[in-house]
Amino acid sequence: MRHLWRLLFFVLASATAHAQSIDTSRVISLPTEALEGSLVIGHAPVGARVSVFDKDIRVGADGAFVFAVPRETKGSVRVTFTTTAHESYSKQVKVLPKEWVEQRVNGVPPATVNPPPAIAERIAREQASVVEARKRNDNREDFLQTFIWPVKGRISGQFGNRRVYNGQPGAAHSGADIAAAKDTPIKAPADGVITFANPDLYLTGGTVVLDHGFGVSTNYLHMSRIDVKVGDVVKQGDILGAVGATGRATGPHLHWGMSWFETRVDPLLMVQGQ
């Protein structure tokens with residue numbers, strides 16, 4: 001009789017665990033498709049592990065997670081979930097193609113297009129410090145906020161477009177350019193922590209990096225002034241500084257960039273419709 005009760009308990013426990021894992025999987029929130037160069041935000045069952053590109057990514061206590069679809073990704077991205085019951089299953093996010101156009105920028109100082117060795121060394125050193133700031137993986141979910149525009153103005157440069165400087169091909173544009181008058185205040189589009197602030201980088205001039213948690217950060221380039229410092233906790237709408245034309249720029253504008261670690265994405269996708 002005791003053996004029968006143990007067998008019954010085992011069957012019931014196994015069935016309950018299996019039912020819970022199936023029920024839990026139904027609460028996953030994940031887009032079925034995403035554009036190249038966009039962020040994908042989802043929610044997994046609480047306690048589940050999530051992996052993308054064959055690597056585990058941070059998952060919040062509420063199941064929130066985020067990753068980026070790199071520019072020119074083809075096909076789909078597989079997202080794998082492993083529940084607390086050790087069951088694994090995958091979902092596919094279809095990647096929607098985007099047309100990238102060529103943009104010509106003339107009148108750029110020649111030394112910024114083809115810098116001499118000493119300047120090239122300075123650029124590499126400065127960019128390495130920005131890359132280091134993007135490595136943070138803070139357990140903050142500020143990226144879940146509805147982002148606001150840091151400034152309003154004409155979009156003079158699109159993310160991902162191939163740049164040609166003074167007739168010489170360059171890298172794809174890493175952010176969005178928003179034309180605005182010099183000294184226009186720049187607002188924090190969402191809460192975050194300042195992880196980098198330097199008024200005089202060779203290429204990008206006044207530069208700020210704002211971390212939003214889970215590897216998501218935004219950057220602000222060519223600023224005429226900076227009103228924040230590293231370590232500052234800012235709230236959405238706080239003033240970060242002002243629009244300028246410092247560094248490699250032909251006129252006053254804000255270069256607004258967004259990254260998931262070192263993968264660049266289009267920040268304008270976060271404010272579409274506003």
# chains A, B, ... in the order shown; residues from 1 in each chain; ligands from 1
$ residues_around --residues "Asn139 in chain A" --least-positions-apart "6" --cutoff "8 Å" --atoms "only C-alpha atoms" --output "short mmCIF file (atom, residue, chain, number, x, y, z; two decimals) with N, CA, C and O atoms, in the first residue's frame"
data_model
loop_
_atom_site.label_atom_id
_atom_site.label_comp_id
_atom_site.auth_asym_id
_atom_site.auth_seq_id
_atom_site.Cartn_x
_atom_site.Cartn_y
_atom_site.Cartn_z
N GLY A 60 15.45 39.76 -16.11
CA GLY A 60 15.06 40.40 -14.87
C GLY A 60 14.23 39.50 -13.97
O GLY A 60 13.74 38.45 -14.40
N GLY A 213 20.52 50.04 -18.57
CA GLY A 213 20.43 48.71 -18.00
C GLY A 213 20.41 47.61 -19.04
O GLY A 213 20.08 47.82 -20.21
N PHE A 214 20.84 46.39 -18.61
CA PHE A 214 20.81 45.19 -19.46
C PHE A 214 21.63 45.35 -20.73
O PHE A 214 21.37 44.72 -21.75
#
$ select_by_dssp --residues "range 97-196 of chain A" --states "alpha helix (DSSP H)" --output "PyMOL selection string"
chain A and resi 110-113+117-133
$ atom_distance --atom1 "CA of Gly37 in chain A" --atom2 "CA of Asp177 in chain A"
15.8 Å
$ closest_residue --among "A:Val108, A:Ile226, A:Ile119, A:Val271" --to "Ala242 in chain A" --atoms "only C-alpha atoms"
A:Ile226
$ closest_residue --among "A:Pro109, A:Gly237, A:Pro169, A:Gly75" --to "Val93 in chain A" --atoms "only C-alpha atoms"
A:Gly75
